[in-house]
>>> print(open('input.txt').read())   # compact mmCIF, N, CA and C atoms
# COMPACT_ATOMS: atom_id res chain seq x y z
N MET A 191 -34.80 38.28 -18.50
CA MET A 191 -33.94 37.15 -18.17
C MET A 191 -34.28 36.61 -16.79
N ASP A 192 -34.09 35.33 -16.61
CA ASP A 192 -34.41 34.73 -15.31
C ASP A 192 -33.20 34.56 -14.41
N GLY A 193 -32.01 34.89 -14.89
CA GLY A 193 -30.82 34.84 -14.06
C GLY A 193 -30.17 33.47 -13.97
N GLN A 194 -30.75 32.46 -14.62
CA GLN A 194 -30.18 31.12 -14.54
C GLN A 194 -28.97 30.95 -15.45
N GLY A 195 -28.78 31.84 -16.39
CA GLY A 195 -27.64 31.73 -17.30
C GLY A 195 -26.32 31.93 -16.59
N ALA A 196 -26.32 32.57 -15.45
CA ALA A 196 -25.09 32.85 -14.71
C ALA A 196 -24.54 31.60 -14.04
N THR A 197 -25.40 30.62 -13.74
CA THR A 197 -24.93 29.39 -13.10
C THR A 197 -25.06 28.24 -14.08
N ALA A 198 -24.15 27.28 -13.96
CA ALA A 198 -24.17 26.13 -14.85
C ALA A 198 -25.34 25.20 -14.49
N ASP A 199 -25.80 24.49 -15.47
CA ASP A 199 -26.87 23.52 -15.29
C ASP A 199 -26.40 22.42 -14.31
N PRO A 200 -27.14 22.19 -13.23
CA PRO A 200 -26.72 21.17 -12.25
C PRO A 200 -26.56 19.78 -12.87
N GLN A 201 -27.42 19.42 -13.83
CA GLN A 201 -27.30 18.12 -14.49
C GLN A 201 -26.01 18.05 -15.30
N LEU A 202 -25.66 19.14 -15.95
CA LEU A 202 -24.41 19.18 -16.71
C LEU A 202 -23.22 19.08 -15.77
N GLN A 203 -23.26 19.79 -14.66
CA GLN A 203 -22.18 19.71 -13.67
C GLN A 203 -22.03 18.28 -13.16
N GLN A 204 -23.15 17.62 -12.88
CA GLN A 204 -23.13 16.23 -12.39
C GLN A 204 -22.54 15.32 -13.45
N PHE A 205 -22.94 15.48 -14.71
CA PHE A 205 -22.42 14.67 -15.80
C PHE A 205 -20.91 14.84 -15.93
N ILE A 206 -20.45 16.08 -15.87
CA ILE A 206 -19.02 16.36 -16.01
C ILE A 206 -18.24 15.74 -14.84
N GLU A 207 -18.79 15.83 -13.64
CA GLU A 207 -18.13 15.24 -12.47
C GLU A 207 -18.04 13.72 -12.62
N VAL A 208 -19.12 13.08 -13.04
CA VAL A 208 -19.13 11.62 -13.22
C VAL A 208 -18.11 11.22 -14.28
N GLU A 209 -18.08 11.94 -15.39
CA GLU A 209 -17.13 11.63 -16.45
C GLU A 209 -15.68 11.84 -15.99
N SER A 210 -15.46 12.87 -15.20
CA SER A 210 -14.12 13.12 -14.65
C SER A 210 -13.71 11.99 -13.71
N GLN A 211 -14.65 11.51 -12.90
CA GLN A 211 -14.35 10.39 -12.01
C GLN A 211 -14.03 9.13 -12.81
N LYS A 212 -14.77 8.89 -13.88
CA LYS A 212 -14.49 7.74 -14.73
C LYS A 212 -13.08 7.83 -15.32
N GLN A 213 -12.73 9.02 -15.77
CA GLN A 213 -11.40 9.22 -16.35
C GLN A 213 -10.31 8.99 -15.30
N ARG A 214 -10.50 9.52 -14.10
CA ARG A 214 -9.51 9.32 -13.03
C ARG A 214 -9.39 7.83 -12.69
N PHE A 215 -10.52 7.13 -12.66
CA PHE A 215 -10.51 5.70 -12.38
C PHE A 215 -9.73 4.95 -13.45
N GLN A 216 -9.97 5.27 -14.72
CA GLN A 216 -9.25 4.62 -15.81
C GLN A 216 -7.74 4.89 -15.72
N GLN A 217 -7.38 6.11 -15.35
CA GLN A 217 -5.96 6.44 -15.18
C GLN A 217 -5.35 5.61 -14.06
N LEU A 218 -6.09 5.46 -12.96
CA LEU A 218 -5.59 4.64 -11.85
C LEU A 218 -5.41 3.19 -12.26
N VAL A 219 -6.37 2.64 -12.98
CA VAL A 219 -6.28 1.26 -13.44
C VAL A 219 -5.06 1.09 -14.35
N HIS A 220 -4.87 2.02 -15.25
CA HIS A 220 -3.71 1.97 -16.16
C HIS A 220 -2.41 2.02 -15.36
N GLN A 221 -2.34 2.94 -14.43
CA GLN A 221 -1.13 3.10 -13.62
C GLN A 221 -0.88 1.84 -12.79
N MET A 222 -1.94 1.31 -12.18
CA MET A 222 -1.81 0.11 -11.37
C MET A 222 -1.33 -1.06 -12.21
N THR A 223 -1.90 -1.21 -13.39
CA THR A 223 -1.51 -2.29 -14.29
C THR A 223 -0.03 -2.19 -14.64
N GLU A 224 0.41 -0.98 -14.96
CA GLU A 224 1.80 -0.77 -15.34
C GLU A 224 2.75 -1.08 -14.18
N VAL A 225 2.43 -0.56 -13.00
CA VAL A 225 3.28 -0.77 -11.82
C VAL A 225 3.35 -2.25 -11.47
N CYS A 226 2.21 -2.89 -11.38
CA CYS A 226 2.18 -4.30 -10.96
C CYS A 226 2.79 -5.22 -12.02
N TRP A 227 2.59 -4.89 -13.29
CA TRP A 227 3.19 -5.70 -14.36
C TRP A 227 4.71 -5.66 -14.25
N GLU A 228 5.25 -4.45 -14.10
CA GLU A 228 6.71 -4.30 -13.99
C GLU A 228 7.24 -5.02 -12.75
N LYS A 229 6.50 -4.96 -11.66
CA LYS A 229 6.95 -5.54 -10.40
C LYS A 229 6.86 -7.07 -10.40
N CYS A 230 5.81 -7.62 -10.99
CA CYS A 230 5.51 -9.04 -10.80
C CYS A 230 5.81 -9.94 -11.99
N MET A 231 5.83 -9.41 -13.19
CA MET A 231 5.91 -10.27 -14.37
C MET A 231 7.37 -10.45 -14.80
N ASP A 232 7.93 -11.61 -14.48
CA ASP A 232 9.31 -11.91 -14.88
C ASP A 232 9.38 -12.24 -16.36
N LYS A 233 8.64 -13.28 -16.72
CA LYS A 233 8.62 -13.69 -18.13
C LYS A 233 7.20 -14.12 -18.49
N PRO A 234 6.61 -13.44 -19.47
CA PRO A 234 5.25 -13.80 -19.88
C PRO A 234 5.19 -15.24 -20.37
N GLY A 235 4.14 -15.93 -19.98
CA GLY A 235 3.93 -17.30 -20.42
C GLY A 235 2.46 -17.54 -20.66
N PRO A 236 2.10 -18.77 -20.97
CA PRO A 236 0.70 -19.08 -21.27
C PRO A 236 -0.22 -18.94 -20.05
N LYS A 237 0.33 -19.09 -18.84
CA LYS A 237 -0.49 -18.88 -17.65
C LYS A 237 0.39 -18.42 -16.50
N LEU A 238 -0.25 -17.83 -15.48
CA LEU A 238 0.50 -17.31 -14.33
C LEU A 238 0.82 -18.43 -13.36
N ASP A 239 2.05 -18.44 -12.85
CA ASP A 239 2.34 -19.38 -11.78
C ASP A 239 1.81 -18.79 -10.47
N SER A 240 1.77 -19.60 -9.43
CA SER A 240 1.14 -19.15 -8.19
C SER A 240 1.92 -17.99 -7.56
N ARG A 241 3.23 -17.95 -7.69
CA ARG A 241 4.03 -16.86 -7.14
C ARG A 241 3.70 -15.54 -7.83
N THR A 242 3.61 -15.57 -9.15
CA THR A 242 3.29 -14.36 -9.91
C THR A 242 1.87 -13.89 -9.61
N GLU A 243 0.96 -14.83 -9.53
CA GLU A 243 -0.43 -14.48 -9.22
C GLU A 243 -0.53 -13.84 -7.83
N ALA A 244 0.16 -14.41 -6.86
CA ALA A 244 0.15 -13.85 -5.50
C ALA A 244 0.77 -12.45 -5.50
N CYS A 245 1.82 -12.26 -6.30
CA CYS A 245 2.45 -10.94 -6.41
C CYS A 245 1.47 -9.92 -6.96
N PHE A 246 0.74 -10.29 -8.02
CA PHE A 246 -0.25 -9.39 -8.61
C PHE A 246 -1.34 -9.03 -7.60
N VAL A 247 -1.86 -10.03 -6.89
CA VAL A 247 -2.92 -9.80 -5.91
C VAL A 247 -2.42 -8.84 -4.84
N ASN A 248 -1.24 -9.10 -4.31
CA ASN A 248 -0.68 -8.24 -3.27
C ASN A 248 -0.43 -6.83 -3.79
N CYS A 249 0.11 -6.73 -4.99
CA CYS A 249 0.40 -5.43 -5.59
C CYS A 249 -0.87 -4.61 -5.75
N VAL A 250 -1.91 -5.23 -6.29
CA VAL A 250 -3.18 -4.53 -6.51
C VAL A 250 -3.78 -4.09 -5.17
N GLU A 251 -3.75 -4.98 -4.19
CA GLU A 251 -4.31 -4.63 -2.87
C GLU A 251 -3.55 -3.46 -2.26
N ARG A 252 -2.22 -3.47 -2.35
CA ARG A 252 -1.43 -2.35 -1.80
C ARG A 252 -1.68 -1.07 -2.57
N PHE A 253 -1.83 -1.18 -3.88
CA PHE A 253 -2.10 0.00 -4.71
C PHE A 253 -3.44 0.62 -4.31
N ILE A 254 -4.45 -0.22 -4.12
CA ILE A 254 -5.77 0.26 -3.72
C ILE A 254 -5.70 0.89 -2.33
N ASP A 255 -5.03 0.21 -1.40
CA ASP A 255 -4.89 0.76 -0.05
C ASP A 255 -4.21 2.13 -0.08
N THR A 256 -3.15 2.23 -0.84
CA THR A 256 -2.39 3.48 -0.93
C THR A 256 -3.25 4.58 -1.55
N SER A 257 -3.93 4.24 -2.63
CA SER A 257 -4.79 5.23 -3.30
C SER A 257 -5.88 5.72 -2.35
N GLN A 258 -6.48 4.81 -1.62
CA GLN A 258 -7.54 5.18 -0.67
C GLN A 258 -6.98 6.06 0.44
N PHE A 259 -5.80 5.72 0.93
CA PHE A 259 -5.17 6.52 1.99
C PHE A 259 -4.93 7.95 1.49
N ILE A 260 -4.40 8.07 0.27
CA ILE A 260 -4.11 9.38 -0.30
C ILE A 260 -5.40 10.19 -0.46
N LEU A 261 -6.45 9.56 -1.00
CA LEU A 261 -7.73 10.26 -1.16
C LEU A 261 -8.28 10.74 0.19
N ASN A 262 -8.23 9.87 1.19
CA ASN A 262 -8.72 10.25 2.52
C ASN A 262 -7.91 11.41 3.08
N ARG A 263 -6.61 11.36 2.89
CA ARG A 263 -5.73 12.42 3.40
C ARG A 263 -6.03 13.74 2.69
N LEU A 264 -6.24 13.69 1.39
CA LEU A 264 -6.57 14.91 0.64
C LEU A 264 -7.89 15.50 1.11
N GLU A 265 -8.87 14.64 1.36
CA GLU A 265 -10.16 15.12 1.86
C GLU A 265 -10.00 15.78 3.23
N GLN A 266 -9.21 15.17 4.11
CA GLN A 266 -8.97 15.75 5.43
C GLN A 266 -8.29 17.11 5.30
N THR A 267 -7.32 17.20 4.40
CA THR A 267 -6.59 18.45 4.19
C THR A 267 -7.53 19.53 3.68
N GLN A 268 -8.40 19.18 2.73
CA GLN A 268 -9.35 20.16 2.20
C GLN A 268 -10.32 20.61 3.28
N ARG A 269 -10.79 19.67 4.10
CA ARG A 269 -11.71 20.05 5.17
C ARG A 269 -11.03 20.96 6.18
N SER A 270 -9.80 20.64 6.54
CA SER A 270 -9.11 21.48 7.53
C SER A 270 -8.78 22.84 6.95
N ARG A 271 -8.49 22.92 5.67
CA ARG A 271 -8.27 24.21 5.03
C ARG A 271 -9.53 25.05 5.05
N GLY A 272 -10.66 24.41 4.77
CA GLY A 272 -11.93 25.12 4.77
C GLY A 272 -12.25 25.69 6.13
N SER A 273 -12.04 24.91 7.18
CA SER A 273 -12.35 25.40 8.52
C SER A 273 -11.31 26.40 9.00
N SER A 274 -10.04 26.22 8.60
CA SER A 274 -9.02 27.18 9.05
C SER A 274 -9.14 28.51 8.30
N SER A 275 -9.59 28.47 7.06
CA SER A 275 -9.75 29.74 6.33
C SER A 275 -10.94 30.51 6.88
N GLU A 276 -11.94 29.79 7.38
CA GLU A 276 -13.09 30.47 7.98
C GLU A 276 -12.66 31.17 9.28
N THR A 277 -11.84 30.50 10.09
CA THR A 277 -11.43 31.09 11.36
C THR A 277 -10.37 32.16 11.17
N MET A 278 -9.64 32.10 10.06
CA MET A 278 -8.60 33.08 9.80
C MET A 278 -9.17 34.49 9.67
N TYR A 279 -10.37 34.59 9.12
CA TYR A 279 -10.93 35.90 8.82
C TYR A 279 -11.89 36.39 9.89
N GLU A 280 -12.01 35.65 10.98
CA GLU A 280 -12.94 36.06 12.05
C GLU A 280 -12.26 37.00 13.00
>>> encode(input="input.txt", output="structure tokens")
Amino acid sequence: MDGQGATADPQLQQFIEVESQKQRFQQLVHQMTEVCWEKCMDKPGPKLDSRTEACFVNCVERFIDTSQFILNRLEQTQRSRGSSSETMYE
């Protein structure tokens, strides 16, 4: 045996990560659509009035800003955990 069976195929790991990211993105789009629709859509009609359109634009921008902030915060937390766990055992 060459010992490679113990570790997963890097290409497979990459594929799974990409597919997971796609799924998370689709979930975010669905959630954003639901939130913004409930917030901005008073009565569906043949076209959006300027107030509703502005509401959707603002809602989407805030949703993206919030999502990005949360992701950045999670990354910072993970990095600080990694460095604090290293110093904990020294």
>>> atom_distance(input="input.txt", atom1="atom N of Val250 of chain A", atom2="atom CA of Lys233 of chain A")
18.0 Å
>>> residues_around(input="input.txt", residues="Met231 of chain A", least_positions_apart="2", cutoff="10 Å", atoms="only C-alpha atoms", output="NGL selection string")
:A and (226-229 or 233-235 or 238 or 241-243 or 245-246)
>>> atom_distance(input="input.txt", atom1="atom N of Met222 of chain A", atom2="atom N of Cys249 of chain A")
11.0 Å
>>> select_by_dssp(input="input.txt", residues="chain A", states="alpha helix (DSSP H)", output="PyMOL selection string")
chain A and resi 200-230+240-278
>>> atom_distance(input="input.txt", atom1="atom CA of Phe205 of chain A", atom2="atom CA of Ser257 of chain A")
23.6 Å
>>> build_atoms(input="input.txt", residues="segment 213-228 of chain A", atoms="N, CA, C and O atoms", output="mmCIF file, keeping the file's coordinate frame")
data_model
loop_
_atom_site.group_PDB
_atom_site.id
_atom_site.type_symbol
_atom_site.label_atom_id
_atom_site.label_comp_id
_atom_site.auth_asym_id
_atom_site.auth_seq_id
_atom_site.Cartn_x
_atom_site.Cartn_y
_atom_site.Cartn_z
ATOM 1 N N GLN A 213 -12.730 9.020 -15.770
ATOM 2 C CA GLN A 213 -11.400 9.220 -16.350
ATOM 3 C C GLN A 213 -10.310 8.990 -15.300
ATOM 4 O O GLN A 213 -9.302 8.341 -15.575
ATOM 5 N N ARG A 214 -10.500 9.520 -14.100
ATOM 6 C CA ARG A 214 -9.510 9.320 -13.030
ATOM 7 C C ARG A 214 -9.390 7.830 -12.690
ATOM 8 O O ARG A 214 -8.290 7.323 -12.469
ATOM 9 N N PHE A 215 -10.520 7.130 -12.660
ATOM 10 C CA PHE A 215 -10.510 5.700 -12.380
ATOM 11 C C PHE A 215 -9.730 4.950 -13.450
ATOM 12 O O PHE A 215 -8.894 4.092 -13.147
ATOM 13 N N GLN A 216 -9.970 5.270 -14.720
ATOM 14 C CA GLN A 216 -9.250 4.620 -15.810
ATOM 15 C C GLN A 216 -7.740 4.890 -15.720
ATOM 16 O O GLN A 216 -6.937 4.002 -15.972
ATOM 17 N N GLN A 217 -7.380 6.110 -15.350
ATOM 18 C CA GLN A 217 -5.960 6.440 -15.180
ATOM 19 C C GLN A 217 -5.350 5.610 -14.060
ATOM 20 O O GLN A 217 -4.227 5.125 -14.185
ATOM 21 N N LEU A 218 -6.090 5.460 -12.960
ATOM 22 C CA LEU A 218 -5.590 4.640 -11.850
ATOM 23 C C LEU A 218 -5.410 3.190 -12.260
ATOM 24 O O LEU A 218 -4.410 2.564 -11.911
ATOM 25 N N VAL A 219 -6.370 2.640 -12.980
ATOM 26 C CA VAL A 219 -6.280 1.260 -13.440
ATOM 27 C C VAL A 219 -5.060 1.090 -14.350
ATOM 28 O O VAL A 219 -4.290 0.130 -14.208
ATOM 29 N N HIS A 220 -4.870 2.020 -15.250
ATOM 30 C CA HIS A 220 -3.710 1.970 -16.160
ATOM 31 C C HIS A 220 -2.410 2.020 -15.360
ATOM 32 O O HIS A 220 -1.483 1.235 -15.602
ATOM 33 N N GLN A 221 -2.340 2.940 -14.430
ATOM 34 C CA GLN A 221 -1.130 3.100 -13.620
ATOM 35 C C GLN A 221 -0.880 1.840 -12.790
ATOM 36 O O GLN A 221 0.251 1.356 -12.705
ATOM 37 N N MET A 222 -1.940 1.310 -12.180
ATOM 38 C CA MET A 222 -1.810 0.110 -11.370
ATOM 39 C C MET A 222 -1.330 -1.060 -12.210
ATOM 40 O O MET A 222 -0.444 -1.814 -11.805
ATOM 41 N N THR A 223 -1.900 -1.210 -13.390
ATOM 42 C CA THR A 223 -1.510 -2.290 -14.290
ATOM 43 C C THR A 223 -0.030 -2.190 -14.640
ATOM 44 O O THR A 223 0.716 -3.174 -14.589
ATOM 45 N N GLU A 224 0.410 -0.980 -14.960
ATOM 46 C CA GLU A 224 1.800 -0.770 -15.340
ATOM 47 C C GLU A 224 2.750 -1.080 -14.180
ATOM 48 O O GLU A 224 3.730 -1.796 -14.332
ATOM 49 N N VAL A 225 2.430 -0.560 -13.000
ATOM 50 C CA VAL A 225 3.280 -0.770 -11.820
ATOM 51 C C VAL A 225 3.350 -2.250 -11.470
ATOM 52 O O VAL A 225 4.447 -2.810 -11.279
ATOM 53 N N CYS A 226 2.210 -2.890 -11.380
ATOM 54 C CA CYS A 226 2.180 -4.300 -10.960
ATOM 55 C C CYS A 226 2.790 -5.220 -12.020
ATOM 56 O O CYS A 226 3.438 -6.207 -11.686
ATOM 57 N N TRP A 227 2.590 -4.890 -13.290
ATOM 58 C CA TRP A 227 3.190 -5.700 -14.360
ATOM 59 C C TRP A 227 4.710 -5.660 -14.250
ATOM 60 O O TRP A 227 5.378 -6.691 -14.293
ATOM 61 N N GLU A 228 5.250 -4.450 -14.100
ATOM 62 C CA GLU A 228 6.710 -4.300 -13.990
ATOM 63 C C GLU A 228 7.240 -5.020 -12.750
ATOM 64 O O GLU A 228 8.318 -5.613 -12.785
#
